[in-house]
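Okay, structure first, notes after.
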Amino acid sequence: MRTIWIIMFLLVPMSALPGPWLRPDGEGFMSVDSIGSVGRNQGDLWLYNGLFLEYGLSDRTTIGLTGGMDHLGDGSVTTYLRRALPINRAGWIASGDLGIGTSFSLDQTTSQPSEPHLRLGVSIGRGGLWGNPGTWFALDSYALFEKRDKPMVKAEATLGHRTDSNWLWMVQLIAEIHQDDDPITTFAPSVAIPLKRKSHLQIGAMLSDEGEGRFGLKAALWRSF
């Protein structure tokens, strides 16, 4: 179960545009993704399917749900509330979120019980970098608390650019610490290609130093509604 937690926690912000920006009142967003990764030396293939949903209750409040499951039947689901936060820096915005959820396993042979968790997050970001309205930077941080384990902490920096033709290019650097293990760092570039009807196809890669190193590819379908 530990492996699914590490990789799923890393993947949370990769399922959608990261940062503190809330969904507008009455608007929603959905992402469905599939990710495969393999260890550099071990050759162990790992597959994951995820779902990400957000909906704007108001211009200052967004609710969301994120979850997924790997090919072994281990997974997690978290529902959360995100609110805008005050920030005393011109051009910057901030938000915080509070979430609750649980891990689970569909493998009847495992003795690993479901484990409820609490998630706290803070994000800051800024658009219009270098005088370009389509370029943004965001810094996201999360802490996930379980009853039996020490908190899992993650920070992610994202630099993105939206072109005039609505293509999105992103580069993400993610750092994560779980209990007393060594920190895990992941580099994740991706591109989101515009489709019809407010949709994008995201294609990306992941390069992580977990263990002997892991490499992964992902594909995701985004849809605004």
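We name chains A, B, ... following the order of the structure tokens; residues begin at 1 in each chain, and ligands are numbered from 1 as shown.
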Quiz item: Mind checking DSSP for region 93-206 of chain A and telling me the strand (DSSP E or B) residues as number ranges by chain?
Solution: A: 93-105, 116-127, 135-146, 152-162, 168-178, 184-194, 199-206
Restricting it to C-alpha atoms, dump the selection as a PDB file, in the first residue's frame.
ATOM      1  CA  ILE A  93      -2.995  35.071  -5.282  1.00  0.00           C
ATOM      2  CA  ALA A  94      -3.281  32.329  -2.667  1.00  0.00           C
ATOM      3  CA  SER A  95      -5.678  29.590  -1.616  1.00  0.00           C
ATOM      4  CA  GLY A  96      -5.912  26.881   1.026  1.00  0.00           C
ATOM      5  CA  ASP A  97      -7.718  23.559   1.033  1.00  0.00           C
ATOM      6  CA  LEU A  98      -8.914  21.026   3.580  1.00  0.00           C
ATOM      7  CA  GLY A  99      -9.688  17.469   2.530  1.00  0.00           C
ATOM      8  CA  ILE A 100     -10.688  14.114   4.000  1.00  0.00           C
ATOM      9  CA  GLY A 101     -10.522  10.687   2.429  1.00  0.00           C
ATOM     10  CA  THR A 102      -9.431   7.092   2.726  1.00  0.00           C
ATOM     11  CA  SER A 103      -7.184   4.494   1.176  1.00  0.00           C
ATOM     12  CA  PHE A 104      -8.628   1.160   0.064  1.00  0.00           C
ATOM     13  CA  SER A 105      -7.707  -2.164  -1.485  1.00  0.00           C
ATOM     14  CA  PRO A 116      -8.742   7.433   6.686  1.00  0.00           C
ATOM     15  CA  HIS A 117      -6.677  10.561   6.164  1.00  0.00           C
ATOM     16  CA  LEU A 118      -6.748  14.344   6.468  1.00  0.00           C
ATOM     17  CA  ARG A 119      -5.177  16.560   3.804  1.00  0.00           C
ATOM     18  CA  LEU A 120      -4.124  20.197   4.235  1.00  0.00           C
ATOM     19  CA  GLY A 121      -2.872  22.312   1.355  1.00  0.00           C
ATOM     20  CA  VAL A 122      -1.705  25.842   0.572  1.00  0.00           C
ATOM     21  CA  SER A 123      -0.995  27.274  -2.892  1.00  0.00           C
ATOM     22  CA  ILE A 124       0.326  30.560  -4.222  1.00  0.00           C
ATOM     23  CA  GLY A 125       0.713  31.665  -7.809  1.00  0.00           C
ATOM     24  CA  ARG A 126       1.053  34.487 -10.242  1.00  0.00           C
ATOM     25  CA  GLY A 127       0.047  34.991 -13.853  1.00  0.00           C
ATOM     26  CA  THR A 135       2.612  32.527 -18.630  1.00  0.00           C
ATOM     27  CA  TRP A 136       2.191  31.604 -14.972  1.00  0.00           C
ATOM     28  CA  PHE A 137       4.035  30.200 -11.966  1.00  0.00           C
ATOM     29  CA  ALA A 138       2.535  28.258  -9.054  1.00  0.00           C
ATOM     30  CA  LEU A 139       3.826  26.714  -5.852  1.00  0.00           C
ATOM     31  CA  ASP A 140       1.638  24.063  -4.220  1.00  0.00           C
ATOM     32  CA  SER A 141       2.245  22.344  -0.881  1.00  0.00           C
ATOM     33  CA  TYR A 142       0.306  19.532   0.778  1.00  0.00           C
ATOM     34  CA  ALA A 143       0.481  17.535   3.998  1.00  0.00           C
ATOM     35  CA  LEU A 144      -1.399  14.261   4.379  1.00  0.00           C
ATOM     36  CA  PHE A 145      -2.048  12.839   7.844  1.00  0.00           C
ATOM     37  CA  GLU A 146      -2.905   9.239   8.683  1.00  0.00           C
ATOM     38  CA  MET A 152       3.489  12.840   4.158  1.00  0.00           C
ATOM     39  CA  VAL A 153       4.603  16.236   2.844  1.00  0.00           C
ATOM     40  CA  LYS A 154       4.869  17.399  -0.752  1.00  0.00           C
ATOM     41  CA  ALA A 155       5.805  20.639  -2.519  1.00  0.00           C
ATOM     42  CA  GLU A 156       5.458  21.294  -6.237  1.00  0.00           C
ATOM     43  CA  ALA A 157       6.645  24.164  -8.420  1.00  0.00           C
ATOM     44  CA  THR A 158       5.043  24.649 -11.838  1.00  0.00           C
ATOM     45  CA  LEU A 159       5.944  26.937 -14.709  1.00  0.00           C
ATOM     46  CA  GLY A 160       3.338  27.007 -17.466  1.00  0.00           C
ATOM     47  CA  HIS A 161       2.458  28.805 -20.662  1.00  0.00           C
ATOM     48  CA  ARG A 162      -0.804  28.979 -22.620  1.00  0.00           C
ATOM     49  CA  LEU A 168      -0.635  24.526 -22.661  1.00  0.00           C
ATOM     50  CA  TRP A 169       3.010  23.732 -21.924  1.00  0.00           C
ATOM     51  CA  MET A 170       4.022  22.889 -18.352  1.00  0.00           C
ATOM     52  CA  VAL A 171       7.169  21.930 -16.456  1.00  0.00           C
ATOM     53  CA  GLN A 172       6.757  20.643 -12.909  1.00  0.00           C
ATOM     54  CA  LEU A 173       9.282  19.857 -10.175  1.00  0.00           C
ATOM     55  CA  ILE A 174       7.891  17.857  -7.248  1.00  0.00           C
ATOM     56  CA  ALA A 175       9.551  17.034  -3.912  1.00  0.00           C
ATOM     57  CA  GLU A 176       7.956  14.606  -1.457  1.00  0.00           C
ATOM     58  CA  ILE A 177       8.872  13.156   1.942  1.00  0.00           C
ATOM     59  CA  HIS A 178       7.214  10.115   3.522  1.00  0.00           C
ATOM     60  CA  ILE A 184      11.692  11.783  -3.637  1.00  0.00           C
ATOM     61  CA  THR A 185      12.080  14.279  -6.470  1.00  0.00           C
ATOM     62  CA  THR A 186      10.116  14.093  -9.720  1.00  0.00           C
ATOM     63  CA  PHE A 187      10.530  16.087 -12.936  1.00  0.00           C
ATOM     64  CA  ALA A 188       7.344  16.142 -15.029  1.00  0.00           C
ATOM     65  CA  PRO A 189       7.050  18.026 -18.335  1.00  0.00           C
ATOM     66  CA  SER A 190       3.745  17.880 -20.226  1.00  0.00           C
ATOM     67  CA  VAL A 191       1.697  19.457 -22.988  1.00  0.00           C
ATOM     68  CA  ALA A 192      -2.098  19.814 -23.191  1.00  0.00           C
ATOM     69  CA  ILE A 193      -3.472  19.818 -26.735  1.00  0.00           C
ATOM     70  CA  PRO A 194      -6.821  21.573 -27.312  1.00  0.00           C
ATOM     71  CA  SER A 199     -11.476  19.657 -23.870  1.00  0.00           C
ATOM     72  CA  HIS A 200      -7.724  19.048 -23.838  1.00  0.00           C
ATOM     73  CA  LEU A 201      -5.576  15.955 -24.275  1.00  0.00           C
ATOM     74  CA  GLN A 202      -2.604  16.053 -21.929  1.00  0.00           C
ATOM     75  CA  ILE A 203       0.520  14.033 -22.720  1.00  0.00           C
ATOM     76  CA  GLY A 204       3.431  14.003 -20.315  1.00  0.00           C
ATOM     77  CA  ALA A 205       6.403  12.203 -18.845  1.00  0.00           C
ATOM     78  CA  MET A 206       7.738  11.632 -15.325  1.00  0.00           C
TER      79      MET A 206
END
Exercise. May I have all residues of chain A that DSSP, computed from the backbone, assigns to alpha helix (DSSP H), given as a list in words?
Key: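 Selecting the alpha helix (DSSP H) positions of chain A gives Arg2, Thr3, Ile4, Trp5, Ile6, Ile7, Met8, Phe9, Leu10 and Leu11 of chain A.
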Given the selection you just returned, output its residues as a file containing C-alpha atoms, formatted as a short mmCIF file (atom, residue, chain, number, x, y, z; two decimals), in the first residue's frame.
data_model
loop_
_atom_site.label_atom_id
_atom_site.label_comp_id
_atom_site.auth_asym_id
_atom_site.auth_seq_id
_atom_site.Cartn_x
_atom_site.Cartn_y
_atom_site.Cartn_z
CA ARG A 2 2.93 2.33 0.64
CA THR A 3 3.90 2.44 -3.07
CA ILE A 4 0.42 3.47 -4.17
CA TRP A 5 0.41 6.25 -1.55
CA ILE A 6 3.75 7.65 -2.68
CA ILE A 7 2.94 7.69 -6.37
CA MET A 8 -0.69 8.80 -5.99
CA PHE A 9 0.36 11.64 -3.70
CA LEU A 10 2.88 12.75 -6.31
CA LEU A 11 0.24 12.60 -9.02
#
Can you list every residue of region 60-131 of chain A that has an atom at most 12 Å from region 31-47 of chain A, with its nearest atom pair and the distance in Å to one decimal, using only C-alpha atoms, ordered by chain then number, as a Markdown table?
| residue | atom | partner | partner_atom | distance |
| --- | --- | --- | --- | --- |
| A:Gly64 | CA | A:Ser31 | CA | 11.5 |
| A:Leu65 | CA | A:Ser31 | CA | 10.6 |
| A:Thr66 | CA | A:Ser31 | CA | 9.4 |
| A:Gly67 | CA | A:Val32 | CA | 10.1 |
| A:Gly68 | CA | A:Asp33 | CA | 9.1 |
| A:Met69 | CA | A:Leu47 | CA | 8.6 |
| A:Asp70 | CA | A:Leu47 | CA | 5.5 |
| A:His71 | CA | A:Leu47 | CA | 5.5 |
| A:Leu72 | CA | A:Leu47 | CA | 8.6 |
| A:Gly73 | CA | A:Leu47 | CA | 10.3 |
| A:Asp74 | CA | A:Leu47 | CA | 10.9 |
| A:Gly75 | CA | A:Leu47 | CA | 11.5 |
Given the selection you just returned, output its residues as a file containing C-alpha atoms, formatted as a compact mmCIF listing (two decimals), in the first residue's frame.
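In the end it all went to again-v7.txt:
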# COMPACT_ATOMS: atom_id res chain seq x y z
CA GLY A 64 -13.22 18.84 -5.44
CA LEU A 65 -12.61 15.12 -5.48
CA THR A 66 -9.47 13.27 -6.49
CA GLY A 67 -8.76 9.56 -6.46
CA GLY A 68 -7.50 6.58 -8.36
CA MET A 69 -6.45 2.96 -8.31
CA ASP A 70 -3.47 0.96 -9.54
CA HIS A 71 -3.42 -2.36 -11.38
CA LEU A 72 -3.22 -4.26 -8.05
CA GLY A 73 -6.49 -2.78 -6.81
CA ASP A 74 -4.91 -0.42 -4.27
CA GLY A 75 -6.22 3.11 -4.31
Quiz item: CA of Glu210 (chain A) to CA of Leu106 (chain A): how many Å, to one decimal?
Solution: 25.1 Å
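Within 7 Å of Ile63 (chain A), once only C-alpha atoms are used and residues closer than 3 positions along the same chain are dropped, the contacting residues are Glu54, Tyr55, Gly56, Leu57, Tyr80, Leu81 and Arg82 of chain A.
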Practice problem: Can you work out which one of A:Leu195, A:Leu129, A:Leu85, A:Leu53 has the shortest atom-to-atom distance to Met30 (chain A), counting only C-alpha atoms? | Solution: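 Comparing A:Leu195, A:Leu129, A:Leu85, A:Leu53 against Met30 (chain A), the winner is A:Leu53.
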